[in-house]
Amino acid sequence: MNTKLLRQNARKIVSRTILAADESTGTIKKRLATIGIESTPEINRQYRQLLFTAPGIEKNVSGVILYDETIRQSTDQKVPFSAHLEKRGIVPGIKVDKGTVQIPTLGQDKFTQGLDKLSDRLAEYKELGAKFAKWRAVYTIDKISPSDTIIERNAHDLAVYALLCQQADIVPIVEPEVLMEGNHPFDKDMVISEKVFTKVFELLKEYGVDFGGMILKPNMITSGKKNAKQADVKKVAEISLKVLKKTVPTAVPGIAFLSGGQSPDLATIHLNEINKMRNKNKSSYPWRITASYGRALQGEALEAWGGKKANVQKAQEIFIARAEKVYKASQGKL
Ligand code: 13P
């Protein structure tokens, strides 16, 4: 394990924002269906190329998470996407989990697949240019979920994954996502998120993961999407920071929020408010706080593109405009 390299790369990855362009085959199919387009490897490639070649992307984006299909694809000029990004000063990464499976005996609980042969896959992804990885665990809130059993299980899996990554000199993004879906109140989201993050760091420590060479990708603390009483921006920012302060070791260099289904504007405003508060008291919140958004960075550009070549330039401009705002928000300067 090259700790110095891991720490250096982790800091580089969070220096601006991280674009999550790692939708699995099933998820990209759903996203493209929203604009009436059928997903094929070639259509997926054209769409990702639109994002990765957008003029000025490197000013706002410091890391891009790719999917297995995407890391094997290239630009029209036959430059592999990972090499293209690297040349622009953007660190290429890879989603290595293999999605979630429901455990019917545990209510809405799901566990994440993908540990089998993970070391072999990491070695291959490294050859293909990946310098960091992502693994997502999800937690649904309802009457019985998430169970203590799944909170424990997911924490073990995230820790094993993170350690295997570091042993391969790949920076792990550790993503425990307490889902916004449902009608739970804000306070429940706060309590569950704190419990989940606490357990995750307990196990990361137990397995000997180097905190300086990893990135946390958490949810913000919000009300459930269907709850009639939505917490305001200040409360989301204040409590998200409070929970992170209680649970995230100071040695972690960066926290990159997921957007989780928030609109692009709301995800941007929340991040800005969080950083405005952080700026007032940086010694209490020592980590860099940025975004690793999928939907909130891509949604508007996807719609503007609509699958038409004639719209590529316009869609790229819209993508960059959003990326610029999110980068500014990550500095509390919006
Ligand atoms: P969203 O920002 O769309 O939640 O996606 C982030 C991500 O990578 C989820 O794993």
# chains A, B, ... in the order shown; residues from 1 in each chain; ligands from 1
call {"tool": "select_by_dssp", "arguments": {"residues": "range 104-146 of chain A", "states": "helix (DSSP H, G or I)", "output": "list of chain:residue names"}}
result
A:Pro104, A:Thr105, A:Leu106, A:Leu118, A:Ser119, A:Asp120, A:Arg121, A:Leu122, A:Ala123, A:Glu124, A:Tyr125, A:Lys126, A:Glu127
call {"tool": "residues_near_ligand", "arguments": {"ligand": "ligand 1", "cutoff": "10 Å", "atoms": "only C-alpha atoms and all ligand atoms", "output": "PyMOL selection string"}}
result
chain A and resi 18-24+65-66+95+97+99+134-138+173+175-177+179-180+217-219+256-264+267+291-299
call {"tool": "atom_distance", "arguments": {"atom1": "CA of Thr290 in chain A", "atom2": "CA of Ala237 in chain A"}}
result
12.9 Å
call {"tool": "residues_around", "arguments": {"residues": "Arg121 in chain A", "least_positions_apart": "2", "cutoff": "12 Å", "atoms": "only C-alpha atoms", "output": "PDB file with all heavy atoms, in the first residue's frame"}}
result
ATOM      1  N   ASP A  68     -18.199  -0.156 -15.744  1.00  0.00           N
ATOM      2  CA  ASP A  68     -17.403  -1.191 -16.435  1.00  0.00           C
ATOM      3  C   ASP A  68     -17.444  -1.039 -17.961  1.00  0.00           C
ATOM      4  O   ASP A  68     -16.411  -1.116 -18.627  1.00  0.00           O
ATOM      5  CB  ASP A  68     -17.906  -2.584 -16.011  1.00  0.00           C
ATOM      6  CG  ASP A  68     -17.089  -3.683 -16.653  1.00  0.00           C
ATOM      7  OD1 ASP A  68     -15.959  -3.933 -16.187  1.00  0.00           O
ATOM      8  OD2 ASP A  68     -17.557  -4.288 -17.651  1.00  0.00           O
ATOM      9  N   ILE A  94     -13.793   4.218 -11.023  1.00  0.00           N
ATOM     10  CA  ILE A  94     -14.652   3.115 -11.489  1.00  0.00           C
ATOM     11  C   ILE A  94     -15.589   2.622 -10.385  1.00  0.00           C
ATOM     12  O   ILE A  94     -15.173   2.467  -9.244  1.00  0.00           O
ATOM     13  CB  ILE A  94     -13.759   1.943 -12.011  1.00  0.00           C
ATOM     14  CG1 ILE A  94     -14.594   0.768 -12.530  1.00  0.00           C
ATOM     15  CG2 ILE A  94     -12.789   1.444 -10.934  1.00  0.00           C
ATOM     16  CD1 ILE A  94     -15.162   0.961 -13.900  1.00  0.00           C
ATOM     17  N   LYS A  95     -16.834   2.387 -10.777  1.00  0.00           N
ATOM     18  CA  LYS A  95     -17.785   1.764  -9.841  1.00  0.00           C
ATOM     19  C   LYS A  95     -17.453   0.280  -9.790  1.00  0.00           C
ATOM     20  O   LYS A  95     -17.395  -0.379 -10.842  1.00  0.00           O
ATOM     21  CB  LYS A  95     -19.205   1.952 -10.387  1.00  0.00           C
ATOM     22  CG  LYS A  95     -20.304   1.143  -9.706  1.00  0.00           C
ATOM     23  CD  LYS A  95     -21.592   1.298 -10.541  1.00  0.00           C
ATOM     24  CE  LYS A  95     -22.723   0.436 -10.052  1.00  0.00           C
ATOM     25  NZ  LYS A  95     -23.342   0.970  -8.839  1.00  0.00           N
ATOM     26  N   VAL A  96     -17.228  -0.259  -8.606  1.00  0.00           N
ATOM     27  CA  VAL A  96     -16.869  -1.681  -8.542  1.00  0.00           C
ATOM     28  C   VAL A  96     -17.909  -2.548  -7.836  1.00  0.00           C
ATOM     29  O   VAL A  96     -17.820  -3.770  -7.873  1.00  0.00           O
ATOM     30  CB  VAL A  96     -15.479  -1.917  -7.891  1.00  0.00           C
ATOM     31  CG1 VAL A  96     -14.384  -1.260  -8.704  1.00  0.00           C
ATOM     32  CG2 VAL A  96     -15.437  -1.458  -6.442  1.00  0.00           C
ATOM     33  N   ASP A  97     -18.909  -1.921  -7.204  1.00  0.00           N
ATOM     34  CA  ASP A  97     -19.952  -2.790  -6.638  1.00  0.00           C
ATOM     35  C   ASP A  97     -20.831  -3.292  -7.774  1.00  0.00           C
ATOM     36  O   ASP A  97     -20.834  -2.723  -8.872  1.00  0.00           O
ATOM     37  CB  ASP A  97     -20.770  -2.043  -5.580  1.00  0.00           C
ATOM     38  CG  ASP A  97     -21.624  -0.939  -6.172  1.00  0.00           C
ATOM     39  OD1 ASP A  97     -22.619  -1.256  -6.838  1.00  0.00           O
ATOM     40  OD2 ASP A  97     -21.284   0.249  -5.988  1.00  0.00           O
ATOM     41  N   LYS A  98     -21.539  -4.384  -7.504  1.00  0.00           N
ATOM     42  CA  LYS A  98     -22.366  -4.972  -8.566  1.00  0.00           C
ATOM     43  C   LYS A  98     -23.850  -4.852  -8.242  1.00  0.00           C
ATOM     44  O   LYS A  98     -24.639  -5.758  -8.503  1.00  0.00           O
ATOM     45  CB  LYS A  98     -21.971  -6.430  -8.791  1.00  0.00           C
ATOM     46  CG  LYS A  98     -20.585  -6.561  -9.407  1.00  0.00           C
ATOM     47  CD  LYS A  98     -20.359  -7.959  -9.897  1.00  0.00           C
ATOM     48  CE  LYS A  98     -19.200  -7.990 -10.881  1.00  0.00           C
ATOM     49  NZ  LYS A  98     -19.049  -9.329 -11.466  1.00  0.00           N
ATOM     50  N   GLY A 114     -20.572  -7.858  -4.927  1.00  0.00           N
ATOM     51  CA  GLY A 114     -19.371  -7.474  -5.689  1.00  0.00           C
ATOM     52  C   GLY A 114     -18.032  -7.742  -5.033  1.00  0.00           C
ATOM     53  O   GLY A 114     -17.003  -7.391  -5.595  1.00  0.00           O
ATOM     54  N   LEU A 115     -18.012  -8.363  -3.848  1.00  0.00           N
ATOM     55  CA  LEU A 115     -16.707  -8.593  -3.212  1.00  0.00           C
ATOM     56  C   LEU A 115     -15.937  -9.757  -3.836  1.00  0.00           C
ATOM     57  O   LEU A 115     -14.705  -9.773  -3.801  1.00  0.00           O
ATOM     58  CB  LEU A 115     -16.868  -8.836  -1.705  1.00  0.00           C
ATOM     59  CG  LEU A 115     -17.122  -7.592  -0.833  1.00  0.00           C
ATOM     60  CD1 LEU A 115     -17.309  -7.993   0.618  1.00  0.00           C
ATOM     61  CD2 LEU A 115     -15.991  -6.578  -0.959  1.00  0.00           C
ATOM     62  N   ASP A 116     -16.680 -10.723  -4.423  1.00  0.00           N
ATOM     63  CA  ASP A 116     -16.008 -11.879  -5.021  1.00  0.00           C
ATOM     64  C   ASP A 116     -15.042 -11.439  -6.114  1.00  0.00           C
ATOM     65  O   ASP A 116     -15.411 -10.691  -7.013  1.00  0.00           O
ATOM     66  CB  ASP A 116     -17.042 -12.836  -5.638  1.00  0.00           C
ATOM     67  CG  ASP A 116     -17.579 -13.796  -4.601  1.00  0.00           C
ATOM     68  OD1 ASP A 116     -17.194 -13.648  -3.414  1.00  0.00           O
ATOM     69  OD2 ASP A 116     -18.388 -14.668  -4.958  1.00  0.00           O
ATOM     70  N   LYS A 117     -13.828 -11.906  -6.027  1.00  0.00           N
ATOM     71  CA  LYS A 117     -12.798 -11.585  -7.035  1.00  0.00           C
ATOM     72  C   LYS A 117     -12.574 -10.076  -7.200  1.00  0.00           C
ATOM     73  O   LYS A 117     -12.133  -9.600  -8.253  1.00  0.00           O
ATOM     74  CB  LYS A 117     -13.156 -12.190  -8.401  1.00  0.00           C
ATOM     75  CG  LYS A 117     -13.329 -13.696  -8.391  1.00  0.00           C
ATOM     76  CD  LYS A 117     -12.620 -14.313  -9.597  1.00  0.00           C
ATOM     77  CE  LYS A 117     -12.435 -15.788  -9.476  1.00  0.00           C
ATOM     78  NZ  LYS A 117     -13.631 -16.588  -9.601  1.00  0.00           N
ATOM     79  N   LEU A 118     -12.886  -9.316  -6.174  1.00  0.00           N
ATOM     80  CA  LEU A 118     -12.721  -7.866  -6.289  1.00  0.00           C
ATOM     81  C   LEU A 118     -11.260  -7.484  -6.541  1.00  0.00           C
ATOM     82  O   LEU A 118     -10.980  -6.589  -7.357  1.00  0.00           O
ATOM     83  CB  LEU A 118     -13.267  -7.144  -5.035  1.00  0.00           C
ATOM     84  CG  LEU A 118     -13.134  -5.621  -5.049  1.00  0.00           C
ATOM     85  CD1 LEU A 118     -13.803  -4.999  -6.277  1.00  0.00           C
ATOM     86  CD2 LEU A 118     -13.738  -5.009  -3.784  1.00  0.00           C
ATOM     87  N   SER A 119     -10.332  -8.181  -5.883  1.00  0.00           N
ATOM     88  CA  SER A 119      -8.917  -7.831  -6.081  1.00  0.00           C
ATOM     89  C   SER A 119      -8.504  -8.006  -7.544  1.00  0.00           C
ATOM     90  O   SER A 119      -7.771  -7.173  -8.092  1.00  0.00           O
ATOM     91  CB  SER A 119      -8.020  -8.697  -5.199  1.00  0.00           C
ATOM     92  OG  SER A 119      -8.275  -8.392  -3.862  1.00  0.00           O
ATOM     93  N   ALA A 123      -7.278  -4.986 -10.125  1.00  0.00           N
ATOM     94  CA  ALA A 123      -6.021  -5.024 -10.888  1.00  0.00           C
ATOM     95  C   ALA A 123      -6.300  -4.711 -12.363  1.00  0.00           C
ATOM     96  O   ALA A 123      -5.552  -3.964 -13.008  1.00  0.00           O
ATOM     97  CB  ALA A 123      -5.360  -6.388 -10.736  1.00  0.00           C
ATOM     98  N   GLU A 124      -7.393  -5.246 -12.892  1.00  0.00           N
ATOM     99  CA  GLU A 124      -7.725  -4.981 -14.297  1.00  0.00           C
ATOM    100  C   GLU A 124      -8.113  -3.509 -14.503  1.00  0.00           C
ATOM    101  O   GLU A 124      -7.665  -2.863 -15.455  1.00  0.00           O
ATOM    102  CB  GLU A 124      -8.868  -5.889 -14.774  1.00  0.00           C
ATOM    103  CG  GLU A 124      -9.003  -5.828 -16.293  1.00  0.00           C
ATOM    104  CD  GLU A 124     -10.322  -6.331 -16.843  1.00  0.00           C
ATOM    105  OE1 GLU A 124     -11.183  -6.785 -16.050  1.00  0.00           O
ATOM    106  OE2 GLU A 124     -10.494  -6.248 -18.081  1.00  0.00           O
ATOM    107  N   TYR A 125      -8.932  -2.984 -13.595  1.00  0.00           N
ATOM    108  CA  TYR A 125      -9.352  -1.581 -13.727  1.00  0.00           C
ATOM    109  C   TYR A 125      -8.158  -0.627 -13.628  1.00  0.00           C
ATOM    110  O   TYR A 125      -8.136   0.415 -14.275  1.00  0.00           O
ATOM    111  CB  TYR A 125     -10.398  -1.237 -12.664  1.00  0.00           C
ATOM    112  CG  TYR A 125     -11.758  -1.850 -12.912  1.00  0.00           C
ATOM    113  CD1 TYR A 125     -12.513  -2.383 -11.867  1.00  0.00           C
ATOM    114  CD2 TYR A 125     -12.315  -1.897 -14.195  1.00  0.00           C
ATOM    115  CE1 TYR A 125     -13.771  -2.931 -12.086  1.00  0.00           C
ATOM    116  CE2 TYR A 125     -13.568  -2.451 -14.428  1.00  0.00           C
ATOM    117  CZ  TYR A 125     -14.298  -2.965 -13.370  1.00  0.00           C
ATOM    118  OH  TYR A 125     -15.542  -3.511 -13.590  1.00  0.00           O
ATOM    119  N   LYS A 126      -7.190  -1.023 -12.822  1.00  0.00           N
ATOM    120  CA  LYS A 126      -5.991  -0.197 -12.698  1.00  0.00           C
ATOM    121  C   LYS A 126      -5.262  -0.139 -14.049  1.00  0.00           C
ATOM    122  O   LYS A 126      -4.841   0.922 -14.499  1.00  0.00           O
ATOM    123  CB  LYS A 126      -5.089  -0.808 -11.627  1.00  0.00           C
ATOM    124  CG  LYS A 126      -4.058   0.115 -11.080  1.00  0.00           C
ATOM    125  CD  LYS A 126      -3.437  -0.525  -9.862  1.00  0.00           C
ATOM    126  CE  LYS A 126      -2.132   0.080  -9.527  1.00  0.00           C
ATOM    127  NZ  LYS A 126      -1.533  -0.582  -8.353  1.00  0.00           N
ATOM    128  N   GLU A 127      -5.169  -1.314 -14.694  1.00  0.00           N
ATOM    129  CA  GLU A 127      -4.580  -1.373 -16.039  1.00  0.00           C
ATOM    130  C   GLU A 127      -5.333  -0.471 -17.005  1.00  0.00           C
ATOM    131  O   GLU A 127      -4.764   0.124 -17.907  1.00  0.00           O
ATOM    132  CB  GLU A 127      -4.670  -2.813 -16.591  1.00  0.00           C
ATOM    133  CG  GLU A 127      -3.671  -3.777 -15.995  1.00  0.00           C
ATOM    134  CD  GLU A 127      -2.265  -3.453 -16.466  1.00  0.00           C
ATOM    135  OE1 GLU A 127      -2.075  -3.325 -17.680  1.00  0.00           O
ATOM    136  OE2 GLU A 127      -1.381  -3.310 -15.597  1.00  0.00           O
ATOM    137  N   LEU A 128      -6.645  -0.395 -16.811  1.00  0.00           N
ATOM    138  CA  LEU A 128      -7.488   0.408 -17.702  1.00  0.00           C
ATOM    139  C   LEU A 128      -7.477   1.891 -17.313  1.00  0.00           C
ATOM    140  O   LEU A 128      -8.172   2.703 -17.926  1.00  0.00           O
ATOM    141  CB  LEU A 128      -8.929  -0.128 -17.697  1.00  0.00           C
ATOM    142  CG  LEU A 128      -9.138  -1.510 -18.344  1.00  0.00           C
ATOM    143  CD1 LEU A 128     -10.530  -2.056 -18.027  1.00  0.00           C
ATOM    144  CD2 LEU A 128      -8.942  -1.430 -19.864  1.00  0.00           C
ATOM    145  N   ALA A 130      -7.976   3.300 -13.990  1.00  0.00           N
ATOM    146  CA  ALA A 130      -8.702   3.793 -12.804  1.00  0.00           C
ATOM    147  C   ALA A 130      -7.749   4.076 -11.646  1.00  0.00           C
ATOM    148  O   ALA A 130      -6.866   3.269 -11.350  1.00  0.00           O
ATOM    149  CB  ALA A 130      -9.754   2.783 -12.365  1.00  0.00           C
ATOM    150  N   ALA A 133     -12.061   4.198  -6.837  1.00  0.00           N
ATOM    151  CA  ALA A 133     -13.215   3.308  -7.028  1.00  0.00           C
ATOM    152  C   ALA A 133     -14.375   3.786  -6.171  1.00  0.00           C
ATOM    153  O   ALA A 133     -14.216   4.649  -5.305  1.00  0.00           O
ATOM    154  CB  ALA A 133     -12.828   1.885  -6.645  1.00  0.00           C
ATOM    155  N   TYR A 161     -14.015  -3.753   1.121  1.00  0.00           N
ATOM    156  CA  TYR A 161     -13.834  -3.125  -0.198  1.00  0.00           C
ATOM    157  C   TYR A 161     -12.753  -2.036  -0.132  1.00  0.00           C
ATOM    158  O   TYR A 161     -11.844  -1.983  -0.955  1.00  0.00           O
ATOM    159  CB  TYR A 161     -15.178  -2.546  -0.670  1.00  0.00           C
ATOM    160  CG  TYR A 161     -15.086  -1.223  -1.385  1.00  0.00           C
ATOM    161  CD1 TYR A 161     -14.712  -1.155  -2.736  1.00  0.00           C
ATOM    162  CD2 TYR A 161     -15.354  -0.008  -0.720  1.00  0.00           C
ATOM    163  CE1 TYR A 161     -14.597   0.067  -3.389  1.00  0.00           C
ATOM    164  CE2 TYR A 161     -15.242   1.204  -1.360  1.00  0.00           C
ATOM    165  CZ  TYR A 161     -14.865   1.244  -2.686  1.00  0.00           C
ATOM    166  OH  TYR A 161     -14.753   2.453  -3.318  1.00  0.00           O
ATOM    167  N   LEU A 164      -9.238  -3.480   0.283  1.00  0.00           N
ATOM    168  CA  LEU A 164      -8.737  -4.102  -0.958  1.00  0.00           C
ATOM    169  C   LEU A 164      -8.326  -3.028  -1.964  1.00  0.00           C
ATOM    170  O   LEU A 164      -7.316  -3.162  -2.662  1.00  0.00           O
ATOM    171  CB  LEU A 164      -9.788  -5.037  -1.569  1.00  0.00           C
ATOM    172  CG  LEU A 164     -10.131  -6.294  -0.750  1.00  0.00           C
ATOM    173  CD1 LEU A 164     -11.180  -7.127  -1.464  1.00  0.00           C
ATOM    174  CD2 LEU A 164      -8.885  -7.141  -0.488  1.00  0.00           C
ATOM    175  N   CYS A 165      -9.101  -1.953  -2.046  1.00  0.00           N
ATOM    176  CA  CYS A 165      -8.746  -0.848  -2.944  1.00  0.00           C
ATOM    177  C   CYS A 165      -7.392  -0.271  -2.554  1.00  0.00           C
ATOM    178  O   CYS A 165      -6.507  -0.105  -3.400  1.00  0.00           O
ATOM    179  CB  CYS A 165      -9.778   0.280  -2.854  1.00  0.00           C
ATOM    180  SG  CYS A 165     -11.303  -0.054  -3.713  1.00  0.00           S
ATOM    181  N   ALA A 168      -4.433  -2.052  -3.486  1.00  0.00           N
ATOM    182  CA  ALA A 168      -4.126  -1.960  -4.917  1.00  0.00           C
ATOM    183  C   ALA A 168      -3.758  -0.524  -5.304  1.00  0.00           C
ATOM    184  O   ALA A 168      -3.718  -0.188  -6.497  1.00  0.00           O
ATOM    185  CB  ALA A 168      -5.329  -2.437  -5.723  1.00  0.00           C
ATOM    186  N   ILE A 170      -5.572   2.068  -5.025  1.00  0.00           N
ATOM    187  CA  ILE A 170      -6.742   2.726  -5.602  1.00  0.00           C
ATOM    188  C   ILE A 170      -7.492   3.404  -4.445  1.00  0.00           C
ATOM    189  O   ILE A 170      -7.748   2.754  -3.421  1.00  0.00           O
ATOM    190  CB  ILE A 170      -7.622   1.685  -6.326  1.00  0.00           C
ATOM    191  CG1 ILE A 170      -6.913   1.264  -7.624  1.00  0.00           C
ATOM    192  CG2 ILE A 170      -9.030   2.209  -6.595  1.00  0.00           C
ATOM    193  CD1 ILE A 170      -7.667   0.269  -8.456  1.00  0.00           C
TER     194      ILE A 170
END
call {"tool": "residues_around", "arguments": {"residues": "range 277-286 of chain A", "least_positions_apart": "6", "cutoff": "8 Å", "atoms": "only C-alpha atoms", "output": "MDAnalysis selection string"}}
result
chainID A and resid 237:238 241 245 250 253 332
call {"tool": "residues_around", "arguments": {"residues": "Gln46 in chain A", "least_positions_apart": "3", "cutoff": "10 Å", "atoms": "only C-alpha atoms", "output": "PyMOL selection string"}}
result
chain A and resi 40-43+49-52+73-76+307+309+312
call {"tool": "write_last_selection", "arguments": {"atoms": "all heavy atoms", "output": "mmCIF file, in the first residue's frame"}}
result
data_model
loop_
_atom_site.group_PDB
_atom_site.id
_atom_site.type_symbol
_atom_site.label_atom_id
_atom_site.label_comp_id
_atom_site.auth_asym_id
_atom_site.auth_seq_id
_atom_site.Cartn_x
_atom_site.Cartn_y
_atom_site.Cartn_z
ATOM 1 N N THR A 40 -28.087 1.729 -25.819
ATOM 2 C CA THR A 40 -27.230 0.687 -26.400
ATOM 3 C C THR A 40 -25.816 1.088 -25.998
ATOM 4 O O THR A 40 -25.596 2.264 -25.649
ATOM 5 C CB THR A 40 -27.299 0.664 -27.946
ATOM 6 O OG1 THR A 40 -26.770 1.925 -28.430
ATOM 7 C CG2 THR A 40 -28.701 0.460 -28.472
ATOM 8 N N PRO A 41 -24.842 0.193 -26.072
ATOM 9 C CA PRO A 41 -23.481 0.615 -25.723
ATOM 10 C C PRO A 41 -23.033 1.843 -26.526
ATOM 11 O O PRO A 41 -22.390 2.742 -25.984
ATOM 12 C CB PRO A 41 -22.638 -0.626 -26.041
ATOM 13 C CG PRO A 41 -23.579 -1.767 -25.820
ATOM 14 C CD PRO A 41 -24.918 -1.262 -26.305
ATOM 15 N N GLU A 42 -23.403 1.916 -27.820
ATOM 16 C CA GLU A 42 -22.965 3.050 -28.641
ATOM 17 C C GLU A 42 -23.670 4.355 -28.238
ATOM 18 O O GLU A 42 -23.033 5.410 -28.144
ATOM 19 C CB GLU A 42 -23.184 2.739 -30.131
ATOM 20 C CG GLU A 42 -22.893 3.871 -31.104
ATOM 21 C CD GLU A 42 -21.504 4.540 -30.948
ATOM 22 O OE1 GLU A 42 -20.590 3.954 -30.351
ATOM 23 O OE2 GLU A 42 -21.360 5.698 -31.426
ATOM 24 N N ILE A 43 -24.965 4.272 -27.960
ATOM 25 C CA ILE A 43 -25.673 5.490 -27.501
ATOM 26 C C ILE A 43 -25.098 5.936 -26.153
ATOM 27 O O ILE A 43 -24.863 7.127 -25.926
ATOM 28 C CB ILE A 43 -27.203 5.216 -27.368
ATOM 29 C CG1 ILE A 43 -27.836 5.043 -28.743
ATOM 30 C CG2 ILE A 43 -27.898 6.317 -26.571
ATOM 31 C CD1 ILE A 43 -27.999 6.331 -29.529
ATOM 32 N N GLN A 49 -19.516 10.671 -23.961
ATOM 33 C CA GLN A 49 -18.535 11.490 -24.677
ATOM 34 C C GLN A 49 -18.933 12.968 -24.630
ATOM 35 O O GLN A 49 -18.096 13.846 -24.446
ATOM 36 C CB GLN A 49 -18.429 11.022 -26.133
ATOM 37 C CG GLN A 49 -17.599 11.957 -27.001
ATOM 38 C CD GLN A 49 -17.314 11.379 -28.372
ATOM 39 O OE1 GLN A 49 -16.255 10.809 -28.604
ATOM 40 N NE2 GLN A 49 -18.267 11.522 -29.282
ATOM 41 N N LEU A 50 -20.234 13.208 -24.799
ATOM 42 C CA LEU A 50 -20.742 14.583 -24.707
ATOM 43 C C LEU A 50 -20.280 15.227 -23.388
ATOM 44 O O LEU A 50 -19.787 16.353 -23.349
ATOM 45 C CB LEU A 50 -22.266 14.530 -24.792
ATOM 46 C CG LEU A 50 -23.137 15.776 -24.682
ATOM 47 C CD1 LEU A 50 -24.504 15.473 -25.279
ATOM 48 C CD2 LEU A 50 -23.302 16.306 -23.282
ATOM 49 N N LEU A 51 -20.431 14.475 -22.295
ATOM 50 C CA LEU A 51 -20.049 15.019 -20.986
ATOM 51 C C LEU A 51 -18.537 15.194 -20.868
ATOM 52 O O LEU A 51 -18.045 16.253 -20.485
ATOM 53 C CB LEU A 51 -20.540 14.086 -19.865
ATOM 54 C CG LEU A 51 -22.044 13.839 -19.753
ATOM 55 C CD1 LEU A 51 -22.320 12.736 -18.732
ATOM 56 C CD2 LEU A 51 -22.796 15.114 -19.367
ATOM 57 N N PHE A 52 -17.800 14.143 -21.216
ATOM 58 C CA PHE A 52 -16.348 14.140 -20.952
ATOM 59 C C PHE A 52 -15.569 15.094 -21.850
ATOM 60 O O PHE A 52 -14.447 15.468 -21.530
ATOM 61 C CB PHE A 52 -15.756 12.728 -21.106
ATOM 62 C CG PHE A 52 -16.437 11.668 -20.265
ATOM 63 C CD1 PHE A 52 -16.299 10.313 -20.584
ATOM 64 C CD2 PHE A 52 -17.214 12.012 -19.167
ATOM 65 C CE1 PHE A 52 -16.922 9.329 -19.824
ATOM 66 C CE2 PHE A 52 -17.847 11.032 -18.400
ATOM 67 C CZ PHE A 52 -17.699 9.695 -18.727
ATOM 68 N N GLN A 73 -14.518 2.062 -23.149
ATOM 69 C CA GLN A 73 -14.893 2.797 -24.358
ATOM 70 C C GLN A 73 -13.962 3.987 -24.603
ATOM 71 O O GLN A 73 -13.201 4.382 -23.725
ATOM 72 C CB GLN A 73 -16.348 3.292 -24.230
ATOM 73 C CG GLN A 73 -17.354 2.142 -24.248
ATOM 74 C CD GLN A 73 -18.791 2.606 -24.134
ATOM 75 O OE1 GLN A 73 -19.085 3.542 -23.399
ATOM 76 N NE2 GLN A 73 -19.695 1.942 -24.845
ATOM 77 N N SER A 74 -14.053 4.533 -25.822
ATOM 78 C CA SER A 74 -13.151 5.605 -26.259
ATOM 79 C C SER A 74 -13.920 6.746 -26.900
ATOM 80 O O SER A 74 -15.089 6.601 -27.261
ATOM 81 C CB SER A 74 -12.171 5.054 -27.302
ATOM 82 O OG SER A 74 -11.455 3.964 -26.780
ATOM 83 N N THR A 75 -13.222 7.857 -27.096
ATOM 84 C CA THR A 75 -13.802 8.995 -27.829
ATOM 85 C C THR A 75 -13.864 8.642 -29.319
ATOM 86 O O THR A 75 -13.282 7.638 -29.752
ATOM 87 C CB THR A 75 -12.912 10.251 -27.674
ATOM 88 O OG1 THR A 75 -11.639 9.955 -28.268
ATOM 89 C CG2 THR A 75 -12.724 10.622 -26.216
ATOM 90 N N ASP A 76 -14.496 9.512 -30.104
ATOM 91 C CA ASP A 76 -14.534 9.314 -31.567
ATOM 92 C C ASP A 76 -13.127 9.212 -32.143
ATOM 93 O O ASP A 76 -12.904 8.563 -33.153
ATOM 94 C CB ASP A 76 -15.242 10.510 -32.246
ATOM 95 C CG ASP A 76 -16.753 10.473 -32.024
ATOM 96 O OD1 ASP A 76 -17.266 9.433 -31.553
ATOM 97 O OD2 ASP A 76 -17.402 11.501 -32.314
ATOM 98 N N GLY A 307 -30.805 13.110 -27.247
ATOM 99 C CA GLY A 307 -30.342 12.076 -28.170
ATOM 100 C C GLY A 307 -30.019 12.605 -29.559
ATOM 101 O O GLY A 307 -29.797 11.830 -30.489
ATOM 102 N N LYS A 309 -27.724 14.803 -32.283
ATOM 103 C CA LYS A 309 -26.383 15.368 -32.549
ATOM 104 C C LYS A 309 -26.406 16.891 -32.557
ATOM 105 O O LYS A 309 -25.503 17.561 -32.032
ATOM 106 C CB LYS A 309 -25.902 14.863 -33.917
ATOM 107 C CG LYS A 309 -24.563 14.175 -33.811
ATOM 108 C CD LYS A 309 -23.900 13.966 -35.139
ATOM 109 C CE LYS A 309 -22.629 13.182 -34.902
ATOM 110 N NZ LYS A 309 -22.635 11.872 -35.486
ATOM 111 N N VAL A 312 -25.771 18.649 -29.206
ATOM 112 C CA VAL A 312 -24.611 18.314 -28.367
ATOM 113 C C VAL A 312 -23.982 19.569 -27.746
ATOM 114 O O VAL A 312 -23.760 19.631 -26.538
ATOM 115 C CB VAL A 312 -23.551 17.505 -29.166
ATOM 116 C CG1 VAL A 312 -22.217 17.447 -28.427
ATOM 117 C CG2 VAL A 312 -24.059 16.076 -29.404
#
call {"tool": "residues_around", "arguments": {"residues": "Ile255 in chain A", "least_positions_apart": "6", "cutoff": "6 Å", "atoms": "only C-alpha atoms", "output": "PyMOL selection string"}}
result
chain A and resi 215-217+289
call {"tool": "write_last_selection", "arguments": {"atoms": "N, CA and C atoms", "output": "PDB file, in the first residue's frame"}}
result
ATOM      1  N   ILE A 215     -12.212   8.626   0.541  1.00  0.00           N
ATOM      2  CA  ILE A 215     -13.186   9.723   0.430  1.00  0.00           C
ATOM      3  C   ILE A 215     -14.536   9.177   0.895  1.00  0.00           C
ATOM      4  N   LEU A 216     -15.276   9.977   1.652  1.00  0.00           N
ATOM      5  CA  LEU A 216     -16.630   9.576   2.061  1.00  0.00           C
ATOM      6  C   LEU A 216     -17.650  10.202   1.118  1.00  0.00           C
ATOM      7  N   LYS A 217     -18.599   9.383   0.673  1.00  0.00           N
ATOM      8  CA  LYS A 217     -19.683   9.912  -0.176  1.00  0.00           C
ATOM      9  C   LYS A 217     -21.011   9.653   0.530  1.00  0.00           C
ATOM     10  N   ILE A 289     -15.304  19.760   1.485  1.00  0.00           N
ATOM     11  CA  ILE A 289     -16.676  19.260   1.284  1.00  0.00           C
ATOM     12  C   ILE A 289     -17.149  19.626  -0.114  1.00  0.00           C
TER      13      ILE A 289
END
call {"tool": "atom_distance", "arguments": {"atom1": "CA of Gln167 in chain A", "atom2": "CA of Val196 in chain A"}}
result
24.6 Å
